[in-house]
Amino acid sequence: MNRILIAEDEPRIVAFLEKGLRANGFTTAVAKDGHEAVAMANSSKFDLLILDLGLPGQDGWLVLEELRGRGEHLSIIILTARDDLSDKVAGLEGGADDYVTKPFRFEELLARVRLRLRDRHLPKGKEEMVLKTGNVALDLRTHQAWVGDRPVELSAREFILVETFIRHSGQVMSREQLLSRVWGYDYDPGSNIVDVYVGYLRKKLGACLIETIRGFGYRLRT
């Protein structure tokens with residue numbers, strides 16, 4: 001199970017992140033200031049750090065500089081309200097793996113977290129960049145999708161839903177499993193949002209791609 005350190009001092013955002021990440025199978029811990037973030041990150045108990053730049057005590061810039069200066073290879077996603085291009089460039093050139101601005105959509109952050117963790121655990125030079133099933137292909141880095149040679153525009157949720165189906169190709173996925181993996185805590189178990197989005201995907205990717213297993217859920221045809 002992947003372990004994520006959240007360096008953030010705003011309780012509302014911390015609660016939002018922890019609830020969503022845990023609903024998607026991650027374990028979390030929280031650092032409320034920069035000094036604590038560095039100490040916890042150096043413990044090597046974490047796979048990824050979500051880092052706010054406006055931390056008390058020692059700001060996120062110094063945290064990033066100190067961790068990278070020590071050769072710490074922890075994946076780092078900056079999550080901040082600072083949306084100036086100069087800040088984004090400085091963050092990425094300073095060693096961050098990604099940069100997300102507030103306000104943010106949780107599903108986008110979740111997709112970026114999964115991508116960074118996937119890159120971290122795959123052998124160097126063998127990163128899985130494109131997922132395929134039949135004539136459907138997903139580029140995990142650019143978030144582009146194709147049916148054959150035809151590009152298809154997918155929303156962030158649609159993309160994650162297709163990725164989930166492909167990664168569990170041939171398995172029956174219940175609505176509850178799909179809600180947890182794709183929507184986290186945003187929708188209650190009685191919601192029909194999964195059925196709605198499966199309908200969207202059938203229209204965009206092909207009516208026969210996703211099979212309904214009555215009483216159980218859905219399965220990607222292989």
# chains A, B, ... in the order shown; residues from 1 in each chain; ligands from 1

call {"tool": "select_by_dssp", "arguments": {"residues": "segment 15-205 of chain A", "states": "strand (DSSP E or B)", "output": "PyMOL selection string"}}
result
chain A and resi 27-31+48-51+75-80+98-101+130-133+136-139+144-147+150-152+172-173

call {"tool": "write_last_selection", "arguments": {"atoms": "C-alpha atoms", "output": "compact mmCIF listing (two decimals), in the first residue's frame"}}
result
# COMPACT_ATOMS: atom_id res chain seq x y z
CA THR A 27 -2.29 5.50 3.71
CA THR A 28 -1.63 9.09 4.77
CA ALA A 29 0.23 11.14 7.36
CA VAL A 30 0.28 14.89 7.90
CA ALA A 31 3.07 17.40 8.52
CA LEU A 48 5.08 10.55 -2.26
CA LEU A 49 4.87 14.02 -0.72
CA ILE A 50 2.07 16.50 -1.42
CA LEU A 51 3.72 19.82 -0.57
CA SER A 75 8.15 11.83 -5.45
CA ILE A 76 6.94 15.39 -4.76
CA ILE A 77 3.78 17.10 -6.00
CA ILE A 78 3.51 20.79 -5.13
CA LEU A 79 -0.06 21.79 -4.23
CA THR A 80 -0.33 25.55 -3.86
CA ASP A 98 4.47 17.95 -10.60
CA TYR A 99 2.75 21.25 -9.77
CA VAL A 100 -0.98 21.57 -9.04
CA THR A 101 -2.67 24.89 -8.23
CA VAL A 130 0.28 3.69 -23.04
CA LEU A 131 -2.45 1.27 -21.99
CA LYS A 132 -4.28 -0.63 -24.71
CA THR A 133 -7.27 -2.93 -25.01
CA VAL A 136 -8.69 1.62 -27.48
CA ALA A 137 -5.48 3.26 -26.25
CA LEU A 138 -4.76 5.65 -23.35
CA ASP A 139 -1.64 7.78 -23.04
CA GLN A 144 -5.13 11.46 -24.53
CA ALA A 145 -7.32 8.61 -25.77
CA TRP A 146 -7.80 6.98 -29.16
CA VAL A 147 -10.13 4.50 -30.79
CA ARG A 150 -9.27 8.53 -34.04
CA PRO A 151 -8.58 10.76 -31.01
CA VAL A 152 -11.37 10.81 -28.42
CA VAL A 172 -16.14 -7.89 -12.90
CA MET A 173 -16.03 -4.51 -11.13

call {"tool": "select_by_dssp", "arguments": {"residues": "segment 64-122 of chain A", "states": "alpha helix (DSSP H)", "output": "ChimeraX atom specification"}}
result
/A:64-69,85-93,106-121

call {"tool": "residues_around", "arguments": {"residues": "Tyr197 of chain A", "least_positions_apart": "4", "cutoff": "8 Å", "atoms": "only C-alpha atoms", "output": "ChimeraX atom specification"}}
result
/A:158,193,201

call {"tool": "write_last_selection", "arguments": {"atoms": "all heavy atoms", "output": "PDB file, in the first residue's frame"}}
result
ATOM      1  N   GLU A 158     -13.785  10.260 -16.826  1.00  0.00           N
ATOM      2  CA  GLU A 158     -13.916   9.237 -17.865  1.00  0.00           C
ATOM      3  C   GLU A 158     -12.578   8.549 -18.098  1.00  0.00           C
ATOM      4  O   GLU A 158     -12.520   7.323 -18.242  1.00  0.00           O
ATOM      5  CB  GLU A 158     -14.436   9.866 -19.155  1.00  0.00           C
ATOM      6  CG  GLU A 158     -15.887  10.296 -19.093  1.00  0.00           C
ATOM      7  CD  GLU A 158     -16.308  11.140 -20.291  1.00  0.00           C
ATOM      8  OE1 GLU A 158     -15.409  11.642 -21.022  1.00  0.00           O
ATOM      9  OE2 GLU A 158     -17.507  11.314 -20.489  1.00  0.00           O
ATOM     10  N   ILE A 193     -24.125   7.342 -10.651  1.00  0.00           N
ATOM     11  CA  ILE A 193     -23.138   8.046 -11.454  1.00  0.00           C
ATOM     12  C   ILE A 193     -22.278   7.075 -12.267  1.00  0.00           C
ATOM     13  O   ILE A 193     -21.863   7.385 -13.383  1.00  0.00           O
ATOM     14  CB  ILE A 193     -22.247   8.947 -10.558  1.00  0.00           C
ATOM     15  CG1 ILE A 193     -21.448   9.940 -11.400  1.00  0.00           C
ATOM     16  CG2 ILE A 193     -21.332   8.120  -9.676  1.00  0.00           C
ATOM     17  CD1 ILE A 193     -22.284  10.984 -12.053  1.00  0.00           C
ATOM     18  N   LEU A 201     -18.997   6.387 -21.872  1.00  0.00           N
ATOM     19  CA  LEU A 201     -17.881   5.679 -22.487  1.00  0.00           C
ATOM     20  C   LEU A 201     -18.336   4.801 -23.647  1.00  0.00           C
ATOM     21  O   LEU A 201     -17.637   4.682 -24.656  1.00  0.00           O
ATOM     22  CB  LEU A 201     -17.154   4.826 -21.441  1.00  0.00           C
ATOM     23  CG  LEU A 201     -16.432   5.591 -20.330  1.00  0.00           C
ATOM     24  CD1 LEU A 201     -15.722   4.620 -19.395  1.00  0.00           C
ATOM     25  CD2 LEU A 201     -15.442   6.591 -20.899  1.00  0.00           C
TER      26      LEU A 201
END

call {"tool": "closest_residue", "arguments": {"among": "A:Glu65, A:His168, A:Leu205, A:Ala7", "to": "Gly34 of chain A", "atoms": "only C-alpha atoms"}}
result
A:Ala7

call {"tool": "closest_residue", "arguments": {"among": "A:Leu115, A:Gly148, A:Pro11, A:Asn2", "to": "Asn24 of chain A", "atoms": "only C-alpha atoms"}}
result
A:Asn2

call {"tool": "residues_around", "arguments": {"residues": "His35 of chain A", "least_positions_apart": "4", "cutoff": "7 Å", "atoms": "only C-alpha atoms", "output": "count of residues only"}}
result
3

call {"tool": "atom_distance", "arguments": {"atom1": "atom CA of Leu220 of chain A", "atom2": "atom CA of Ser155 of chain A"}}
result
19.0 Å

call {"tool": "atom_distance", "arguments": {"atom1": "atom CA of Gly199 of chain A", "atom2": "atom CA of Leu110 of chain A"}}
result
22.8 Å

call {"tool": "closest_residue", "arguments": {"among": "A:Gly69, A:Ala23, A:Cys208, A:Ile6", "to": "Met40 of chain A", "atoms": "only C-alpha atoms"}}
result
A:Ile6
